>>> print(open('target_33.cif').read())   # mmCIF, C-alpha atoms
data_start
loop_
_atom_site.label_atom_id
_atom_site.label_comp_id
_atom_site.auth_asym_id
_atom_site.auth_seq_id
_atom_site.Cartn_x
_atom_site.Cartn_y
_atom_site.Cartn_z
CA MET A 113 -9.69 19.43 31.01
CA ALA A 114 -12.74 21.63 31.34
CA GLY A 115 -12.35 25.39 31.43
CA LYS A 116 -15.05 28.04 31.22
CA SER A 117 -18.79 27.39 31.46
CA TYR A 118 -21.36 28.60 28.92
CA THR A 119 -25.14 28.49 28.66
CA LEU A 120 -26.67 27.20 25.45
CA ALA A 121 -27.94 30.70 24.70
CA GLU A 122 -24.34 31.96 24.89
CA LEU A 123 -23.08 29.15 22.67
CA ALA A 124 -25.80 29.84 20.11
CA LYS A 125 -24.66 33.46 19.91
CA LEU A 126 -20.96 32.55 19.87
CA THR A 127 -21.37 30.10 16.96
CA THR A 128 -24.25 31.83 15.13
CA SER A 129 -26.39 28.72 15.55
CA LYS A 130 -30.12 28.21 16.03
CA LEU A 131 -30.94 26.78 19.47
CA VAL A 132 -33.55 24.08 19.94
CA GLY A 133 -33.92 23.27 23.64
CA ASP A 134 -33.15 24.76 27.07
CA ALA A 135 -31.38 28.10 26.68
CA HIS A 136 -30.25 28.05 30.33
CA ALA A 137 -28.57 24.61 30.27
CA SER A 138 -24.85 24.85 31.11
CA ILE A 139 -21.95 23.36 29.12
CA THR A 140 -18.52 22.96 30.74
CA ASN A 141 -16.67 20.63 28.36
CA VAL A 142 -16.69 18.91 24.96
CA ALA A 143 -16.66 15.24 23.92
CA ASP A 144 -17.49 12.88 21.07
CA LEU A 145 -21.03 11.54 20.76
CA GLU A 146 -20.19 8.17 22.29
CA ASN A 147 -18.51 9.46 25.45
CA ALA A 148 -20.33 12.75 26.06
CA SER A 149 -22.22 13.43 29.30
CA GLU A 150 -24.81 16.06 30.27
CA GLY A 151 -22.26 18.84 30.70
CA ASP A 152 -20.62 18.24 27.30
CA ALA A 153 -21.16 19.70 23.85
CA SER A 154 -20.73 17.37 20.89
CA PHE A 155 -21.41 17.44 17.15
CA PHE A 156 -22.86 15.34 14.35
CA LYS A 157 -21.98 15.81 10.72
CA LYS A 158 -23.60 13.70 8.04
CA MET A 159 -20.93 11.87 6.11
CA ASP A 160 -20.86 11.01 2.41
CA TYR A 161 -18.94 7.78 2.96
CA GLY A 162 -18.64 4.89 5.44
CA GLN A 163 -20.04 4.40 8.95
CA VAL A 164 -23.01 6.71 8.38
CA ASP A 165 -25.38 4.39 10.26
CA ARG A 166 -23.01 4.16 13.23
CA TYR A 167 -22.91 7.92 13.74
CA GLU A 168 -26.65 8.28 13.33
CA GLN A 169 -27.11 5.62 16.03
CA LEU A 170 -24.68 7.46 18.29
CA LEU A 171 -26.64 10.69 17.74
CA ARG A 172 -29.82 8.98 18.97
CA LYS A 173 -28.09 7.40 21.99
CA THR A 174 -25.74 10.20 23.09
CA ARG A 175 -26.03 11.72 26.56
CA ALA A 176 -24.49 15.02 25.43
CA GLY A 177 -25.95 18.21 26.91
CA VAL A 178 -26.13 19.68 23.41
CA VAL A 179 -25.24 18.49 19.92
CA PHE A 180 -24.34 20.65 16.93
CA VAL A 181 -26.22 19.25 13.91
CA PRO A 182 -26.99 20.33 10.32
CA PRO A 183 -30.37 22.12 9.97
CA GLU A 184 -31.96 19.23 8.04
CA THR A 185 -31.31 16.70 10.84
CA GLN A 186 -34.33 14.92 12.30
CA LEU A 187 -34.54 16.06 15.93
CA GLU A 188 -35.82 14.16 18.94
CA SER A 189 -38.06 15.89 21.48
CA GLY A 190 -36.62 16.67 24.90
CA ARG A 191 -33.07 17.03 23.60
CA ASN A 192 -30.88 20.13 23.10
CA TYR A 193 -29.54 20.95 19.65
CA LEU A 194 -27.63 23.78 18.02
CA LEU A 195 -28.39 23.92 14.30
CA ASN A 196 -25.45 25.00 12.14
CA GLU A 197 -24.48 24.55 8.49
CA ASP A 198 -20.98 23.51 9.61
CA PRO A 199 -21.35 21.59 12.90
CA SER A 200 -17.68 20.61 13.08
CA ARG A 201 -16.48 24.22 12.78
CA ALA A 202 -19.04 25.43 15.34
CA PHE A 203 -18.01 22.66 17.74
CA GLN A 204 -14.38 23.75 17.33
CA GLN A 205 -15.31 27.30 18.33
CA VAL A 206 -16.81 25.95 21.55
CA LEU A 207 -13.79 23.72 22.21
CA GLU A 208 -11.45 26.69 21.91
CA ALA A 209 -13.70 28.98 23.96
CA ILE A 210 -13.92 26.50 26.85
CA ASN A 211 -10.25 25.54 26.90
CA GLY A 212 -8.84 28.99 26.19
CA LYS A 213 -5.70 29.84 24.24
CA GLN A 214 -3.08 27.10 24.21
CA GLU A 215 0.45 28.40 24.76
CA LEU A 216 3.05 27.24 22.25
CA SER A 217 5.88 27.46 24.77
CA GLY A 218 6.79 28.69 28.22
CA PHE A 219 9.59 30.75 26.68
CA THR A 220 9.21 34.28 25.35
CA GLY A 221 11.57 36.50 23.40
CA VAL A 222 14.92 35.20 22.15
CA HIS A 223 16.25 32.41 24.36
CA SER A 224 19.82 32.75 25.58
CA THR A 225 20.86 29.47 23.91
CA ALA A 226 19.49 30.45 20.49
CA VAL A 227 22.09 31.38 17.87
CA VAL A 228 21.09 34.40 15.82
CA HIS A 229 23.41 35.68 13.09
CA PRO A 230 24.15 39.41 13.45
CA THR A 231 22.79 40.11 9.94
CA ALA A 232 19.40 38.53 10.70
CA LYS A 233 16.42 40.87 11.03
CA ILE A 234 14.00 39.94 13.80
CA GLY A 235 10.52 41.50 13.89
CA LYS A 236 8.49 42.64 16.89
CA GLN A 237 7.20 40.15 19.51
CA VAL A 238 9.09 37.25 17.92
CA THR A 239 9.81 34.16 20.04
CA ILE A 240 12.92 32.08 19.32
CA GLY A 241 13.17 28.94 21.45
CA PRO A 242 16.16 27.18 22.98
CA HIS A 243 18.94 26.03 20.62
CA ALA A 244 17.29 27.42 17.50
CA VAL A 245 19.65 28.71 14.79
CA ILE A 246 18.83 31.76 12.68
CA ASP A 247 21.45 32.03 9.93
CA GLN A 248 22.85 34.87 7.86
CA GLY A 249 20.42 37.36 6.34
CA VAL A 250 17.27 35.69 7.66
CA ILE A 251 14.18 37.89 8.07
CA LEU A 252 11.53 36.96 10.65
CA GLY A 253 8.21 38.82 10.57
CA ASP A 254 6.36 40.21 13.58
CA ARG A 255 4.86 37.77 16.11
CA THR A 256 6.44 34.71 14.49
CA PHE A 257 7.25 31.75 16.73
CA VAL A 258 10.38 29.64 16.18
CA GLY A 259 10.43 26.46 18.25
CA ALA A 260 13.35 24.82 20.04
CA GLY A 261 16.01 23.31 17.81
CA THR A 262 14.65 24.80 14.59
CA TYR A 263 17.11 25.82 11.86
CA ILE A 264 16.48 28.62 9.35
CA GLY A 265 19.05 28.89 6.56
CA PRO A 266 20.77 31.90 4.96
CA GLY A 267 18.62 34.36 3.06
CA THR A 268 15.31 32.80 4.08
CA VAL A 269 12.34 35.10 4.68
CA VAL A 270 9.55 34.16 7.11
CA GLY A 271 6.42 36.33 7.24
CA GLN A 272 4.27 37.56 10.10
CA ASP A 273 2.37 35.36 12.58
CA CYS A 274 4.06 32.16 11.46
CA VAL A 275 4.51 29.13 13.74
CA LEU A 276 7.57 26.94 13.21
CA HIS A 277 7.33 24.11 15.71
CA PRO A 278 10.42 22.47 17.28
CA ARG A 279 13.05 20.89 15.02
CA VAL A 280 11.81 22.30 11.75
CA THR A 281 14.50 22.73 9.08
CA ILE A 282 14.19 25.48 6.49
CA ARG A 283 17.17 25.71 4.21
CA GLU A 284 18.68 28.63 2.32
CA ARG A 285 16.75 31.12 0.16
CA CYS A 286 13.24 29.92 0.99
CA THR A 287 10.28 32.25 1.43
CA LEU A 288 7.32 31.74 3.76
CA GLY A 289 4.32 34.05 3.66
CA ASN A 290 2.14 35.15 6.58
CA HIS A 291 0.25 32.79 8.91
CA VAL A 292 2.22 29.72 7.85
CA SER A 293 2.30 26.78 10.28
CA VAL A 294 5.00 24.08 10.07
CA GLN A 295 4.82 21.01 12.33
CA PRO A 296 7.86 19.32 13.95
CA GLY A 297 10.37 17.53 11.79
CA ALA A 298 9.31 19.08 8.49
CA VAL A 299 12.09 19.93 6.03
CA ILE A 300 11.63 22.76 3.54
CA GLY A 301 14.20 23.40 0.83
CA SER A 302 16.06 20.09 0.76
CA CYS A 303 17.72 19.22 -2.55
CA GLY A 304 15.51 17.70 -5.20
CA PHE A 305 16.12 14.13 -6.38
CA GLY A 306 17.83 14.68 -9.74
CA TYR A 307 20.80 13.00 -11.44
CA THR A 308 22.38 12.51 -14.84
CA THR A 309 23.47 9.00 -15.75
CA ASP A 310 26.38 8.30 -18.11
CA LYS A 311 26.88 5.36 -20.46
CA THR A 312 28.46 3.27 -17.70
CA GLY A 313 25.43 3.75 -15.44
CA ARG A 314 27.19 6.12 -13.07
CA HIS A 315 24.96 8.82 -11.49
CA THR A 316 26.03 12.45 -11.08
CA LYS A 317 23.95 14.75 -8.87
CA LEU A 318 22.26 17.80 -10.38
CA ASN A 319 22.78 20.78 -8.11
CA GLN A 320 19.42 22.26 -7.12
CA VAL A 321 19.94 26.03 -6.97
CA GLY A 322 16.31 27.21 -6.84
CA GLY A 323 14.17 27.87 -3.79
CA VAL A 324 10.80 27.16 -2.19
CA LEU A 325 7.91 29.62 -1.92
CA ILE A 326 5.24 28.91 0.69
CA GLU A 327 2.33 31.34 0.28
CA ASP A 328 0.05 32.71 3.03
CA ASP A 329 -2.12 30.52 5.29
CA VAL A 330 -0.38 27.24 4.42
CA GLU A 331 -0.08 24.42 6.97
CA ILE A 332 2.63 21.78 6.65
CA GLY A 333 2.49 18.53 8.62
CA ALA A 334 5.12 16.76 10.69
CA ASN A 335 8.00 15.09 8.83
CA THR A 336 6.81 16.37 5.48
CA THR A 337 9.51 17.30 2.97
CA ILE A 338 9.30 19.97 0.27
CA ASP A 339 12.28 19.99 -2.11
CA ARG A 340 13.87 23.09 -3.58
CA SER A 341 13.70 23.37 -7.35
CA ARG A 342 16.58 22.87 -9.76
CA PHE A 343 15.99 26.49 -10.80
CA LYS A 344 13.23 29.03 -10.09
CA GLU A 345 10.91 27.88 -7.23
CA THR A 346 8.85 25.05 -5.83
CA VAL A 347 5.52 26.73 -4.94
CA ILE A 348 2.85 25.84 -2.36
CA GLY A 349 -0.27 27.90 -3.07
CA ARG A 350 -2.16 30.06 -0.59
CA GLY A 351 -4.36 28.21 1.87
CA SER A 352 -3.11 24.73 1.02
CA LYS A 353 -3.03 22.15 3.83
CA ILE A 354 -0.42 19.38 3.77
CA ASP A 355 -0.61 16.41 6.14
CA ASN A 356 2.23 14.53 7.85
CA LEU A 357 4.74 12.44 5.88
CA VAL A 358 4.10 13.98 2.48
CA GLN A 359 6.88 14.25 -0.13
CA ILE A 360 6.72 17.14 -2.61
CA GLY A 361 9.38 17.03 -5.31
CA HIS A 362 11.45 19.80 -6.86
CA GLY A 363 9.69 22.31 -9.08
CA VAL A 364 6.17 21.25 -8.06
CA LYS A 365 3.56 24.02 -8.12
CA LEU A 366 0.54 23.41 -5.89
CA GLY A 367 -2.45 25.67 -6.50
CA GLN A 368 -4.51 27.45 -3.86
CA ASP A 369 -6.47 25.55 -1.21
CA ASN A 370 -5.15 22.08 -2.02
CA MET A 371 -5.53 19.26 0.54
CA ILE A 372 -2.71 16.70 0.49
CA VAL A 373 -3.13 13.75 2.88
CA SER A 374 -0.46 11.66 4.58
CA GLN A 375 2.10 9.56 2.69
CA THR A 376 1.31 11.10 -0.68
CA GLY A 377 4.25 11.65 -3.01
CA ILE A 378 4.31 14.22 -5.81
CA ALA A 379 7.13 13.95 -8.34
CA GLY A 380 8.99 16.92 -9.78
CA SER A 381 7.51 19.66 -11.97
CA THR A 382 3.89 18.59 -11.53
CA GLU A 383 1.29 21.37 -11.27
CA THR A 384 -2.12 21.42 -9.62
CA GLY A 385 -5.02 23.85 -9.88
CA ARG A 386 -7.26 25.16 -7.11
CA CYS A 387 -8.99 22.96 -4.53
CA VAL A 388 -7.26 19.73 -5.55
CA VAL A 389 -7.61 16.91 -2.97
CA MET A 390 -5.24 13.95 -2.71
CA ALA A 391 -6.20 11.27 -0.17
CA GLY A 392 -3.64 9.15 1.66
CA GLN A 393 -0.82 7.34 -0.15
CA CYS A 394 -1.44 8.81 -3.59
CA GLY A 395 1.44 8.64 -6.04
CA ILE A 396 1.70 11.44 -8.60
CA SER A 397 4.20 11.19 -11.44
CA GLY A 398 6.18 14.17 -12.68
CA HIS A 399 5.56 16.81 -15.35
CA ILE A 400 1.75 16.47 -15.39
CA LYS A 401 -1.08 18.87 -14.52
CA LEU A 402 -4.15 18.30 -12.35
CA SER A 403 -6.93 20.78 -13.09
CA ASP A 404 -9.03 22.71 -10.57
CA GLY A 405 -11.24 20.48 -8.44
CA VAL A 406 -9.53 17.14 -9.07
CA ILE A 407 -10.21 14.71 -6.19
CA LEU A 408 -8.14 11.53 -5.82
CA SER A 409 -9.18 8.64 -3.57
CA ALA A 410 -6.63 6.88 -1.35
CA ARG A 411 -3.76 5.04 -3.05
CA SER A 412 -4.49 6.53 -6.45
CA GLY A 413 -1.67 6.31 -8.96
CA VAL A 414 -1.62 9.21 -11.41
CA ASP A 415 0.53 9.01 -14.54
CA LYS A 416 -1.23 11.56 -16.76
CA SER A 417 -2.82 15.00 -16.62
CA LEU A 418 -6.44 15.06 -15.44
CA PRO A 419 -9.44 17.38 -15.94
CA ALA A 420 -11.75 18.23 -13.03
CA GLY A 421 -13.48 15.23 -11.49
CA LYS A 422 -13.21 12.40 -8.98
CA TYR A 423 -10.75 9.57 -9.61
CA GLY A 424 -9.47 6.37 -8.04
CA GLY A 425 -7.28 3.37 -8.74
CA ALA A 426 -3.77 2.79 -10.06
CA PRO A 427 -3.57 3.90 -12.77
CA VAL A 428 -6.44 6.28 -12.04
CA MET A 429 -9.80 6.14 -13.75
CA PRO A 430 -13.03 8.11 -13.22
CA MET A 431 -14.58 7.23 -9.86
CA GLY A 432 -17.67 5.55 -11.30
CA GLU A 433 -15.53 3.24 -13.41
CA TYR A 434 -13.17 2.61 -10.49
CA ASN A 435 -16.08 1.60 -8.23
CA ARG A 436 -17.38 -0.85 -10.84
CA VAL A 437 -13.92 -2.38 -11.31
CA SER A 438 -13.55 -2.67 -7.53
CA VAL A 439 -16.81 -4.62 -7.30
CA PHE A 440 -15.69 -6.96 -10.09
CA THR A 441 -12.31 -7.44 -8.39
CA ARG A 442 -13.88 -8.31 -5.04
CA ASN A 443 -16.03 -10.94 -6.76
CA ILE A 444 -13.27 -12.44 -8.90
CA GLU A 445 -13.28 -15.77 -7.03
CA LYS A 446 -17.01 -16.16 -7.66
CA TYR A 447 -16.52 -15.40 -11.36
CA VAL A 448 -13.72 -17.96 -11.61
CA LYS A 449 -15.95 -20.64 -10.09
CA GLN A 450 -18.73 -19.73 -12.52
CA LEU A 451 -16.34 -19.93 -15.47
CA LYS A 452 -15.05 -23.33 -14.33
CA ALA A 453 -18.61 -24.60 -13.95
CA LEU A 454 -19.49 -23.37 -17.46
CA GLU A 455 -16.31 -24.92 -18.84
CA ASN A 456 -17.14 -28.28 -17.26
CA ARG A 457 -20.69 -28.08 -18.58
CA LEU A 458 -19.45 -27.21 -22.07
CA ASN A 459 -16.95 -30.08 -22.01
CA LYS A 460 -19.70 -32.50 -21.05
CA LEU A 461 -21.99 -31.19 -23.80
CA GLU A 462 -19.23 -31.42 -26.39
CA GLY A 463 -18.32 -34.90 -25.20
CA ASN A 464 -21.92 -36.13 -25.47
CA HIS A 465 -22.24 -34.59 -28.89
CA ASP A 466 -19.06 -36.24 -30.12
CA SER A 467 -20.08 -39.65 -28.73
CA GLY A 468 -23.42 -39.38 -30.48
CA LEU A 469 -21.71 -38.85 -33.84
CA LYS A 470 -19.38 -41.81 -33.53
CA PRO A 471 -20.37 -44.96 -35.53
#
>>> encode(input="target_33.cif", output="structure tokens")
Amino acid sequence: MAGKSYTLAELAKLTTSKLVGDAHASITNVADLENASEGDASFFKKMDYGQVDRYEQLLRKTRAGVVFVPPETQLESGRNYLLNEDPSRAFQQVLEAINGKQELSGFTGVHSTAVVHPTAKIGKQVTIGPHAVIDQGVILGDRTFVGAGTYIGPGTVVGQDCVLHPRVTIRERCTLGNHVSVQPGAVIGSCGFGYTTDKTGRHTKLNQVGGVLIEDDVEIGANTTIDRSRFKETVIGRGSKIDNLVQIGHGVKLGQDNMIVSQTGIAGSTETGRCVVMAGQCGISGHIKLSDGVILSARSGVDKSLPAGKYGGAPVMPMGEYNRVSVFTRNIEKYVKQLKALENRLNKLEGNHDSGLKP
């Protein structure tokens, strides 16, 4: 739904962009390139993979009133553009400006149905939604939001300006820094998956008595689980972003500014450096280390420590090698036919040769 209206001159100032076109043109909404109309702002970002041609075609055909584009983009005359090094981020600024602040809930303060233990310490301007439970010794920092049905266990500390959406579970003795966002259904501090097995094959659970430390500016997706460590702490480094449906095992230590995409699983006691990226459905074995800047393509299987670089495949290999292997794999049927043809030809040649030698 459209909100405020802005001229292109105002949007250029708001987003620190260079305007090419009519400074007085008015923008009232936002849309993607394909569906945008004259009153909409849109954006184009050159991609390094897949569907590049499609988006370039949409850029040429779009009816958008203005498009955020990188400075090196080839522009068409008679169109409005806002040149920005990060078109997606600039577009987001416009989206938020037009639509205004989105309220997390219609409730403010501590709801009458929330259960707050008398030993809990609640900061200023904290919101606690209906049927939330704040257990013994919990500390909630100023301006933190706790959604309906969320549970926070004994001794857990939550920093300032955090957002815990409805039905989040944070168990005992966990620590969240400032500006942490946790989406619905996430579970932080569940017991790690660890057992001893005796000679008869019977499994006995190892009690996980450690905690979880979530540093500042971390975002955790819906239905993601982060296990508590057997001892000490599982650590999620500052600025890391974790997608939905990710499993992080006990004792894992994620470095700063990691990006972990949906359905990835990281086994216990693995460590990552800074700016590590794991695409969807990666599987990471335990007790290994991924150095700063490691990038894993989707469905990568990692069973050893890796230096900086791009990797793919299961087990992983350097991206260049993985791409070559993928090409060979896609053409395997053609290679089999070629081998069969060569085999038949060889058999015929050997047969002719043999027949020529017979008396």
>>> resolve_selection(input="target_33.cif", expression="the PyMOL selection byres ((chain A and resi 193) around 7)", output="count of residues only")
11
>>> closest_residue(input="target_33.cif", among="A:Asn211, A:Lys173, A:Ser224, A:Ile251", to="Asn147 in chain A", atoms="only C-alpha atoms")
A:Lys173
>>> closest_residue(input="target_33.cif", among="A:Arg255, A:Arg442, A:His223, A:Lys460", to="Gly235 in chain A", atoms="only C-alpha atoms")
A:Arg255
>>> resolve_selection(input="target_33.cif", expression="the PyMOL selection byres ((chain A and resi 293) around 6)", output="PyMOL selection string")
chain A and resi 274-275+292+294+331
>>> write_last_selection(input="target_33.cif", atoms="C-alpha atoms", output="compact mmCIF listing (two decimals), in the frame of the given file")
# COMPACT_ATOMS: atom_id res chain seq x y z
CA CYS A 274 4.06 32.16 11.46
CA VAL A 275 4.51 29.13 13.74
CA VAL A 292 2.22 29.72 7.85
CA VAL A 294 5.00 24.08 10.07
CA GLU A 331 -0.08 24.42 6.97
>>> closest_residue(input="target_33.cif", among="A:Ser341, A:Asn335, A:Thr346, A:Ser217", to="Ser374 in chain A", atoms="all atoms listed in the file")
A:Asn335
>>> axis_aligned_box(input="target_33.cif", around="range 174-189 of chain A", padding_each_side="4 Å", output="JSON")
{"center_x": -31.2, "center_y": 16.2, "center_z": 17.5, "size_x": 21.7, "size_y": 19.9, "size_z": 26.9}
>>> atom_distance(input="target_33.cif", atom1="CA of Asn370 in chain A", atom2="CA of Arg386 in chain A")
6.3 Å
>>> closest_residue(input="target_33.cif", among="A:Thr308, A:Asn435, A:Ser154, A:Thr384", to="Gln204 in chain A", atoms="only C-alpha atoms")
A:Ser154
>>> atom_distance(input="target_33.cif", atom1="CA of Leu418 in chain A", atom2="CA of Met390 in chain A")
12.8 Å
>>> resolve_selection(input="target_33.cif", expression="the PyMOL selection byres ((chain A and resi 231) around 6)", output="ChimeraX atom specification")
/A:229-230,232,248-249
>>> closest_residue(input="target_33.cif", among="A:Thr281, A:Thr268, A:Ser129, A:Thr441", to="Gln205 in chain A", atoms="all atoms listed in the file")
A:Ser129
>>> atom_distance(input="target_33.cif", atom1="CA of Arg411 in chain A", atom2="CA of Pro430 in chain A")
14.1 Å
>>> residues_near_point(input="target_33.cif", point="(12.8, 33.4, 10.2)", cutoff="6 Å", atoms="only C-alpha atoms", output="list in words")
Val250, Ile251, Leu252, Val269 and Val270 of chain A
>>> residues_around(input="target_33.cif", residues="range 149-151 of chain A", least_positions_apart="4", cutoff="6 Å", atoms="only C-alpha atoms", output="JSON, numbers by chain")
{"A": [139, 140, 175, 176, 177]}
>>> write_last_selection(input="target_33.cif", atoms="C-alpha atoms", output="mmCIF file, in the frame of the given file")
data_model
loop_
_atom_site.group_PDB
_atom_site.id
_atom_site.type_symbol
_atom_site.label_atom_id
_atom_site.label_comp_id
_atom_site.auth_asym_id
_atom_site.auth_seq_id
_atom_site.Cartn_x
_atom_site.Cartn_y
_atom_site.Cartn_z
ATOM 1 C CA ILE A 139 -21.950 23.360 29.120
ATOM 2 C CA THR A 140 -18.520 22.960 30.740
ATOM 3 C CA ARG A 175 -26.030 11.720 26.560
ATOM 4 C CA ALA A 176 -24.490 15.020 25.430
ATOM 5 C CA GLY A 177 -25.950 18.210 26.910
#
>>> closest_residue(input="target_33.cif", among="A:Glu327, A:Glu197, A:Glu284, A:Glu445", to="Thr128 in chain A", atoms="only C-alpha atoms")
A:Glu197
>>> residues_around(input="target_33.cif", residues="Gly385 in chain A", least_positions_apart="6", cutoff="9 Å", atoms="only C-alpha atoms", output="list in words")
Lys365, Leu366, Gly367, Gln368, Asp369, Asn370, Lys401, Leu402, Ser403, Asp404, Gly405 and Val406 of chain A
